[in-house]
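Structure file run16.txt; described as compact mmCIF, C-alpha atoms.
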```
# COMPACT_ATOMS: atom_id res chain seq x y z
CA SER A 241 4.92 -47.77 162.55
CA LEU A 242 2.17 -45.57 164.00
CA ILE A 243 1.45 -44.19 160.54
CA LEU A 244 1.18 -47.67 159.05
CA THR A 245 -1.42 -48.75 161.62
CA GLU A 246 -3.87 -46.46 159.78
CA SER A 247 -5.46 -45.61 163.14
CA ARG A 248 -6.86 -42.14 162.56
CA SER A 249 -7.67 -41.53 166.22
CA TYR A 250 -4.06 -42.15 167.20
CA TRP A 251 -2.82 -40.02 164.34
CA LEU A 252 -4.80 -37.18 165.91
CA ALA A 253 -3.49 -38.12 169.36
CA SER A 254 0.11 -38.07 168.12
CA LEU A 255 -0.42 -34.73 166.40
CA THR A 256 -1.87 -33.33 169.64
CA PHE A 257 1.10 -34.66 171.59
CA LEU A 258 3.70 -33.15 169.27
CA LEU A 259 2.00 -29.76 169.07
CA LEU A 260 1.35 -29.47 172.80
CA PHE A 261 4.77 -30.79 173.80
CA SER A 262 6.45 -28.34 171.43
CA LEU A 263 4.33 -25.45 172.71
CA MET A 264 5.11 -26.25 176.35
CA SER A 265 8.83 -26.61 175.64
CA PHE A 266 9.23 -23.68 173.24
CA ARG A 267 11.07 -21.36 175.61
CA SER A 268 13.30 -23.93 177.27
CA ASN A 269 14.25 -26.13 174.33
CA LYS A 270 13.80 -24.74 170.83
CA ARG A 271 15.43 -27.81 169.31
CA LEU A 272 12.29 -29.73 170.13
CA ILE A 273 10.35 -27.45 167.80
CA LEU A 274 12.64 -28.41 164.94
CA THR A 275 12.44 -32.09 165.86
CA SER A 276 8.64 -32.00 166.03
CA ALA A 277 8.45 -30.11 162.74
CA PHE A 278 10.72 -32.68 161.11
CA ILE A 279 8.56 -35.55 162.40
CA LEU A 280 5.36 -33.89 161.18
CA LEU A 281 6.82 -33.09 157.76
CA THR A 282 8.13 -36.63 157.39
CA ALA A 283 4.79 -38.12 158.42
CA GLY A 284 2.98 -35.79 156.03
CA ALA A 285 5.29 -36.75 153.19
CA VAL A 286 4.78 -40.47 153.81
CA ILE A 287 1.00 -40.12 154.00
CA SER A 288 0.83 -37.98 150.86
CA GLN A 289 2.89 -40.47 148.83
CA VAL A 290 1.09 -43.66 149.87
CA PRO A 291 -2.41 -43.78 148.31
CA VAL A 292 -3.92 -45.98 151.03
CA LEU A 293 -2.66 -43.70 153.79
CA LYS A 294 -3.64 -40.59 151.85
CA ASP A 295 -7.21 -41.84 151.45
CA ARG A 296 -7.28 -42.81 155.11
CA PHE A 297 -6.16 -39.32 156.11
CA HIS A 298 -8.76 -37.62 153.93
CA SER A 299 -11.46 -39.87 155.40
CA ILE A 300 -11.02 -38.31 158.85
CA THR A 301 -13.58 -35.60 158.11
CA ASP A 302 -15.68 -37.59 155.62
CA THR A 303 -19.06 -38.21 157.25
CA LYS A 304 -20.90 -38.89 153.99
CA ASN A 305 -19.03 -41.76 152.38
CA ASN A 306 -16.70 -43.28 154.98
CA GLY A 307 -18.41 -46.30 156.52
CA SER A 308 -16.51 -46.10 159.81
CA ASN A 309 -17.45 -42.47 160.36
CA ILE A 310 -21.08 -43.09 159.41
CA THR A 311 -21.26 -46.01 161.83
CA ARG A 312 -19.84 -43.92 164.65
CA LEU A 313 -22.32 -41.12 164.04
CA MET A 314 -25.25 -43.54 164.07
CA ILE A 315 -24.08 -45.19 167.28
CA TRP A 316 -23.44 -41.84 168.97
CA LYS A 317 -26.86 -40.53 167.96
CA SER A 318 -28.65 -43.63 169.20
CA HIS A 319 -26.94 -43.49 172.60
CA ILE A 320 -27.59 -39.76 172.98
CA LYS A 321 -31.25 -40.22 172.04
CA ALA A 322 -31.58 -43.04 174.55
CA PHE A 323 -29.94 -40.96 177.29
CA THR A 324 -32.12 -37.91 176.69
CA GLU A 325 -35.40 -39.70 175.98
CA ASP A 326 -35.43 -43.06 177.78
CA TYR A 327 -33.15 -42.88 180.80
CA THR A 328 -34.74 -42.42 184.19
CA LEU A 329 -33.30 -39.80 186.53
CA THR A 330 -31.48 -42.55 188.43
CA GLU A 331 -30.00 -43.94 185.21
CA ARG A 332 -28.85 -40.51 184.13
CA ILE A 333 -27.06 -40.01 187.43
CA PHE A 334 -25.65 -43.52 187.95
CA GLY A 335 -25.82 -44.96 184.43
CA ALA A 336 -27.74 -47.77 182.77
CA GLY A 337 -24.90 -50.30 183.03
CA ASP A 338 -25.08 -53.16 180.55
CA ASN A 339 -28.60 -52.04 179.62
CA ALA A 340 -27.18 -48.99 177.83
CA SER A 341 -26.75 -50.84 174.53
CA LYS A 342 -30.30 -52.21 174.65
CA LEU A 343 -31.70 -48.73 175.18
CA ALA A 344 -29.58 -47.33 172.34
CA TRP A 345 -30.75 -50.07 169.96
CA ARG A 346 -34.32 -48.77 170.22
CA HIS A 347 -33.20 -45.55 168.54
CA PHE A 348 -30.70 -46.98 166.08
CA GLY A 349 -33.17 -47.17 163.21
CA ARG A 350 -34.01 -43.48 163.58
CA ALA A 351 -30.31 -42.66 163.87
CA PHE A 352 -29.72 -44.60 160.64
CA GLN A 353 -32.32 -42.48 158.86
CA GLU A 354 -30.91 -39.20 160.14
CA VAL A 355 -27.28 -39.97 159.36
CA THR A 356 -27.72 -41.65 155.96
CA GLY A 357 -30.71 -39.61 154.80
CA LYS A 358 -32.51 -42.80 153.79
CA GLU A 359 -36.16 -43.23 154.71
CA GLU A 360 -36.22 -47.02 154.56
CA ILE A 361 -34.68 -48.76 157.56
CA PRO A 362 -32.88 -52.06 156.79
CA PRO A 363 -34.10 -55.31 158.40
CA PRO A 364 -32.93 -55.79 162.02
CA GLY A 365 -30.39 -58.45 161.05
CA GLU A 366 -28.69 -56.14 158.58
CA LEU A 367 -29.04 -53.09 160.81
CA ARG A 368 -27.26 -54.83 163.68
CA LYS A 369 -24.14 -55.11 161.54
CA TRP A 370 -23.86 -51.33 161.83
CA PHE A 371 -24.60 -51.34 165.54
CA HIS A 372 -21.50 -53.34 166.55
CA GLY A 373 -23.05 -54.48 169.80
CA GLY A 374 -23.69 -50.90 170.85
CA GLU A 375 -20.03 -50.09 171.52
CA THR A 376 -19.94 -46.30 171.66
CA HIS A 377 -16.50 -45.75 170.08
CA ASN A 378 -16.38 -42.71 172.34
CA LEU A 379 -15.11 -43.21 175.86
CA TYR A 380 -16.89 -40.17 177.30
CA LEU A 381 -20.21 -41.27 175.88
CA LYS A 382 -19.60 -44.76 177.24
CA PHE A 383 -18.98 -43.44 180.75
CA LEU A 384 -22.06 -41.23 180.50
CA THR A 385 -24.40 -44.00 179.37
CA LYS A 386 -23.02 -46.92 181.39
CA TYR A 387 -21.93 -45.09 184.56
CA GLY A 388 -24.01 -41.93 184.42
CA ILE A 389 -23.16 -38.30 185.01
CA LEU A 390 -21.33 -39.19 188.22
CA GLY A 391 -19.21 -41.78 186.43
CA LEU A 392 -18.26 -39.36 183.67
CA LEU A 393 -17.46 -36.57 186.13
CA GLY A 394 -15.38 -38.97 188.20
CA TYR A 395 -13.35 -39.98 185.15
CA LEU A 396 -12.84 -36.36 184.08
CA PHE A 397 -11.84 -35.24 187.58
CA PHE A 398 -9.31 -38.08 187.69
CA TRP A 399 -7.56 -36.68 184.61
CA ILE A 400 -7.88 -33.10 185.81
CA TYR A 401 -6.09 -34.13 189.00
CA VAL A 402 -3.37 -36.00 187.09
CA ILE A 403 -2.69 -33.09 184.74
CA TYR A 404 -2.84 -30.55 187.58
CA ARG A 405 -0.26 -32.47 189.61
CA ASN A 406 2.01 -32.57 186.59
CA LEU A 407 1.62 -28.89 185.79
CA GLU A 408 2.87 -28.09 189.29
CA ARG A 409 6.23 -29.53 188.13
CA ARG A 410 6.09 -28.46 184.50
CA ASP A 411 9.69 -27.21 184.55
CA SER A 412 10.76 -30.81 183.86
CA LEU A 413 10.91 -31.89 180.22
CA PHE A 414 9.69 -35.36 181.14
CA ILE A 415 6.69 -33.92 182.96
CA LYS A 416 5.77 -31.89 179.88
CA ALA A 417 5.94 -35.07 177.82
CA PHE A 418 3.61 -36.82 180.25
CA VAL A 419 1.07 -33.97 180.09
CA ALA A 420 1.15 -33.83 176.30
CA GLY A 421 0.80 -37.61 176.13
CA TYR A 422 -2.20 -37.61 178.45
CA VAL A 423 -3.94 -34.90 176.44
CA GLY A 424 -3.27 -36.86 173.25
CA PHE A 425 -4.78 -39.94 174.89
CA LEU A 426 -7.86 -37.93 175.88
CA VAL A 427 -8.25 -36.70 172.29
CA ALA A 428 -8.16 -40.29 171.01
CA SER A 429 -10.85 -41.16 173.56
CA PHE A 430 -13.37 -39.15 171.54
CA PHE A 431 -13.21 -41.87 168.89
CA GLU A 432 -12.25 -45.01 170.82
CA ASN A 433 -13.11 -46.86 174.04
CA ASN A 434 -9.38 -47.01 174.76
CA PHE A 435 -9.38 -46.77 178.56
CA THR A 436 -11.62 -49.83 178.96
CA ASP A 437 -9.20 -52.20 177.18
CA ALA A 438 -7.21 -54.27 179.68
CA GLU A 439 -3.90 -53.91 177.83
CA VAL A 440 -4.36 -50.15 177.60
CA GLN A 441 -5.20 -49.92 181.31
CA PHE A 442 -2.10 -51.92 182.25
CA THR A 443 0.17 -49.74 180.12
CA LEU A 444 -1.47 -46.52 181.25
CA PHE A 445 -1.28 -47.33 184.96
CA PHE A 446 2.37 -48.29 184.54
CA ILE A 447 3.04 -44.91 182.91
CA LEU A 448 1.10 -43.15 185.68
CA GLY A 449 3.19 -44.99 188.27
CA VAL A 450 6.43 -43.85 186.66
CA ASN A 451 4.99 -40.36 186.26
CA PHE A 452 4.03 -39.92 189.93
CA ALA A 453 7.28 -41.47 191.11
CA LEU A 454 9.07 -38.80 189.07
CA ILE A 455 6.84 -36.10 190.55
CA SER A 456 7.63 -37.29 194.08
CA GLU A 457 11.36 -37.45 193.37
CA THR A 458 11.30 -33.93 191.92
CA ALA A 459 9.43 -32.64 194.97
CA VAL A 460 12.00 -34.18 197.34
CA ARG A 461 14.90 -32.62 195.43
CA GLN A 462 13.33 -29.18 195.60
CA ARG A 463 12.93 -29.25 199.38
```

Can the structure from this file be put into structure tokens for me?
Amino acid sequence: SLILTESRSYWLASLTFLLLFSLMSFRSNKRLILTSAFILLTAGAVISQVPVLKDRFHSITDTKNNGSNITRLMIWKSHIKAFTEDYTLTERIFGAGDNASKLAWRHFGRAFQEVTGKEEIPPPGELRKWFHGGETHNLYLKFLTKYGILGLLGYLFFWIYVIYRNLERRDSLFIKAFVAGYVGFLVASFFENNFTDAEVQFTLFFILGVNFALISETAVRQR
């Protein structure tokens, strides 16, 4: 079902999960390597045989013709230009909040020229269709522009702490799965604003609750 969603960011996240989980479990459970290899081969076979999925897979690295990729590059460039050229020191540290999109829009025309190679900038009404309200489609860039350097560092330190606590108990197969899953989620965040969706937050915090309950239970057993 994940393959059929055609979500390239979560394809990459799933690939990251399988590879990292297999690598972490290689010595203790070699059967997982075979299982992961089977899943990857099956997924590859399905994608290669279905034209729509095959084209979708090939579009992952296509920054010249794929509209979704081009849009992301333009939005990323406009936000980065705004951050480096327009943000005050206070805004760089604490973020521009809801004003981040307005600041990025000022540079979107120039970003359009640089990404597409076209000199003529479309009319504002048409150009805004590419802007998508200024949504960054990159969670780290969103934290940087809306919440500043402190906000981004806070988010990163949160995940560093979560992964560190899990690695302390990495002898458990479940803990390894949690770590691999978190890293996969962080990979997907380069292309989506996944953490800011309410349904994703609810699911993620539920998983974190189960995860830390398991860590606590493991710690008690080892005393």

Between atom CA of A:Arg248 and atom CA of A:Phe431 - distance in Å to one decimal: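 Calculated distance between atom CA of A:Phe431 and atom CA of A:Arg248 is 9.0 Å.
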
Per residue of stretch 264-297 of chain A within 9 Å of stretch 394-411 of chain A, what are the shortest atom pair and its distance in Å to one decimal, counting only C-alpha atoms, with rows by chain and residue number, as CSV?
```
residue,atom,partner,partner_atom,distance
A:Met264,CA,A:Arg410,CA,8.5
A:Ser265,CA,A:Asp411,CA,9.0
A:Ser268,CA,A:Asp411,CA,8.8
```

Could you check which of A:Lys382, A:His377, A:Lys416, A:Lys358 is closest to A:Asn309, using only C-alpha atoms?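 When distances to A:Asn309 are compared using only C-alpha atoms, the smallest one comes from A:His377.
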
Which residues are close to A:Ile300, i.e. within 12 Å by only C-alpha atoms, leaving aside same-chain residues fewer than 5 positions away? Reply as an MDAnalysis selection string. chainID A and resid 246:252 293:295 305:310 312 431

Excluding stretch 329-337 of chain A and residues on its chain fewer than 4 positions from it, collect all residues at most 8 Å away from it, counting all atoms listed in the file, and give them as a PyMOL selection string. chain A and resi 323+383-391

Where atoms are lacking, stretch 375-400 of chain A completed to N, CA, C and O atoms, as a compact mmCIF listing (two decimals), in the coordinates of the input:
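Once everything was written out, this is selection10.txt:
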```txt
# COMPACT_ATOMS: atom_id res chain seq x y z
N GLU A 375 -21.26 -50.72 171.04
CA GLU A 375 -20.03 -50.09 171.52
C GLU A 375 -20.00 -48.63 171.05
O GLU A 375 -20.15 -48.36 169.86
N THR A 376 -19.79 -47.73 171.97
CA THR A 376 -19.94 -46.30 171.66
C THR A 376 -18.84 -45.72 170.78
O THR A 376 -19.04 -44.72 170.11
N HIS A 377 -17.65 -46.32 170.79
CA HIS A 377 -16.50 -45.75 170.08
C HIS A 377 -16.28 -44.30 170.50
O HIS A 377 -15.83 -43.46 169.70
N ASN A 378 -16.61 -44.02 171.72
CA ASN A 378 -16.38 -42.71 172.34
C ASN A 378 -16.39 -42.95 173.84
O ASN A 378 -17.44 -43.27 174.41
N LEU A 379 -15.23 -42.83 174.45
CA LEU A 379 -15.11 -43.21 175.86
C LEU A 379 -15.98 -42.35 176.77
O LEU A 379 -16.56 -42.85 177.73
N TYR A 380 -16.10 -41.07 176.46
CA TYR A 380 -16.89 -40.17 177.30
C TYR A 380 -18.38 -40.52 177.23
O TYR A 380 -19.08 -40.48 178.24
N LEU A 381 -18.82 -40.86 176.04
CA LEU A 381 -20.21 -41.27 175.88
C LEU A 381 -20.46 -42.61 176.58
O LEU A 381 -21.53 -42.84 177.14
N LYS A 382 -19.46 -43.47 176.56
CA LYS A 382 -19.60 -44.76 177.24
C LYS A 382 -19.73 -44.57 178.74
O LYS A 382 -20.58 -45.18 179.39
N PHE A 383 -18.89 -43.71 179.31
CA PHE A 383 -18.98 -43.44 180.75
C PHE A 383 -20.32 -42.80 181.10
O PHE A 383 -20.92 -43.12 182.12
N LEU A 384 -20.79 -41.91 180.24
CA LEU A 384 -22.06 -41.23 180.50
C LEU A 384 -23.22 -42.21 180.49
O LEU A 384 -24.08 -42.17 181.38
N THR A 385 -23.26 -43.10 179.50
CA THR A 385 -24.40 -44.00 179.37
C THR A 385 -24.33 -45.19 180.33
O THR A 385 -25.35 -45.60 180.88
N LYS A 386 -23.13 -45.73 180.53
CA LYS A 386 -23.02 -46.92 181.39
C LYS A 386 -22.88 -46.57 182.87
O LYS A 386 -23.38 -47.30 183.73
N TYR A 387 -22.21 -45.44 183.16
CA TYR A 387 -21.93 -45.09 184.56
C TYR A 387 -22.56 -43.77 184.98
O TYR A 387 -22.36 -43.33 186.11
N GLY A 388 -23.27 -43.13 184.08
CA GLY A 388 -24.01 -41.93 184.42
C GLY A 388 -23.16 -40.67 184.52
O GLY A 388 -21.95 -40.68 184.28
N ILE A 389 -23.84 -39.60 184.88
CA ILE A 389 -23.16 -38.30 185.01
C ILE A 389 -22.07 -38.37 186.07
O ILE A 389 -20.98 -37.83 185.88
N LEU A 390 -22.34 -39.07 187.16
CA LEU A 390 -21.33 -39.19 188.22
C LEU A 390 -20.11 -39.95 187.73
O LEU A 390 -18.97 -39.59 188.05
N GLY A 391 -20.33 -41.00 186.96
CA GLY A 391 -19.21 -41.78 186.43
C GLY A 391 -18.36 -40.96 185.48
O GLY A 391 -17.12 -41.01 185.55
N LEU A 392 -19.01 -40.20 184.61
CA LEU A 392 -18.26 -39.36 183.67
C LEU A 392 -17.49 -38.27 184.39
O LEU A 392 -16.31 -38.03 184.10
N LEU A 393 -18.14 -37.62 185.36
CA LEU A 393 -17.46 -36.57 186.13
C LEU A 393 -16.28 -37.14 186.91
O LEU A 393 -15.22 -36.52 186.99
N GLY A 394 -16.47 -38.34 187.47
CA GLY A 394 -15.38 -38.97 188.20
C GLY A 394 -14.18 -39.23 187.31
O GLY A 394 -13.03 -38.99 187.70
N TYR A 395 -14.44 -39.71 186.10
CA TYR A 395 -13.35 -39.98 185.15
C TYR A 395 -12.65 -38.68 184.74
O TYR A 395 -11.42 -38.62 184.70
N LEU A 396 -13.43 -37.64 184.48
CA LEU A 396 -12.84 -36.36 184.08
C LEU A 396 -12.03 -35.73 185.22
O LEU A 396 -10.94 -35.20 184.99
N PHE A 397 -12.56 -35.80 186.43
CA PHE A 397 -11.84 -35.24 187.58
C PHE A 397 -10.54 -35.99 187.83
O PHE A 397 -9.55 -35.41 188.29
N PHE A 398 -10.54 -37.29 187.55
CA PHE A 398 -9.31 -38.08 187.69
C PHE A 398 -8.22 -37.50 186.80
O PHE A 398 -7.08 -37.27 187.24
N TRP A 399 -8.55 -37.21 185.54
CA TRP A 399 -7.56 -36.68 184.61
C TRP A 399 -7.21 -35.23 184.92
O TRP A 399 -6.06 -34.81 184.71
N ILE A 400 -8.17 -34.48 185.40
CA ILE A 400 -7.88 -33.10 185.81
C ILE A 400 -6.85 -33.10 186.94
O ILE A 400 -5.90 -32.31 186.94
```
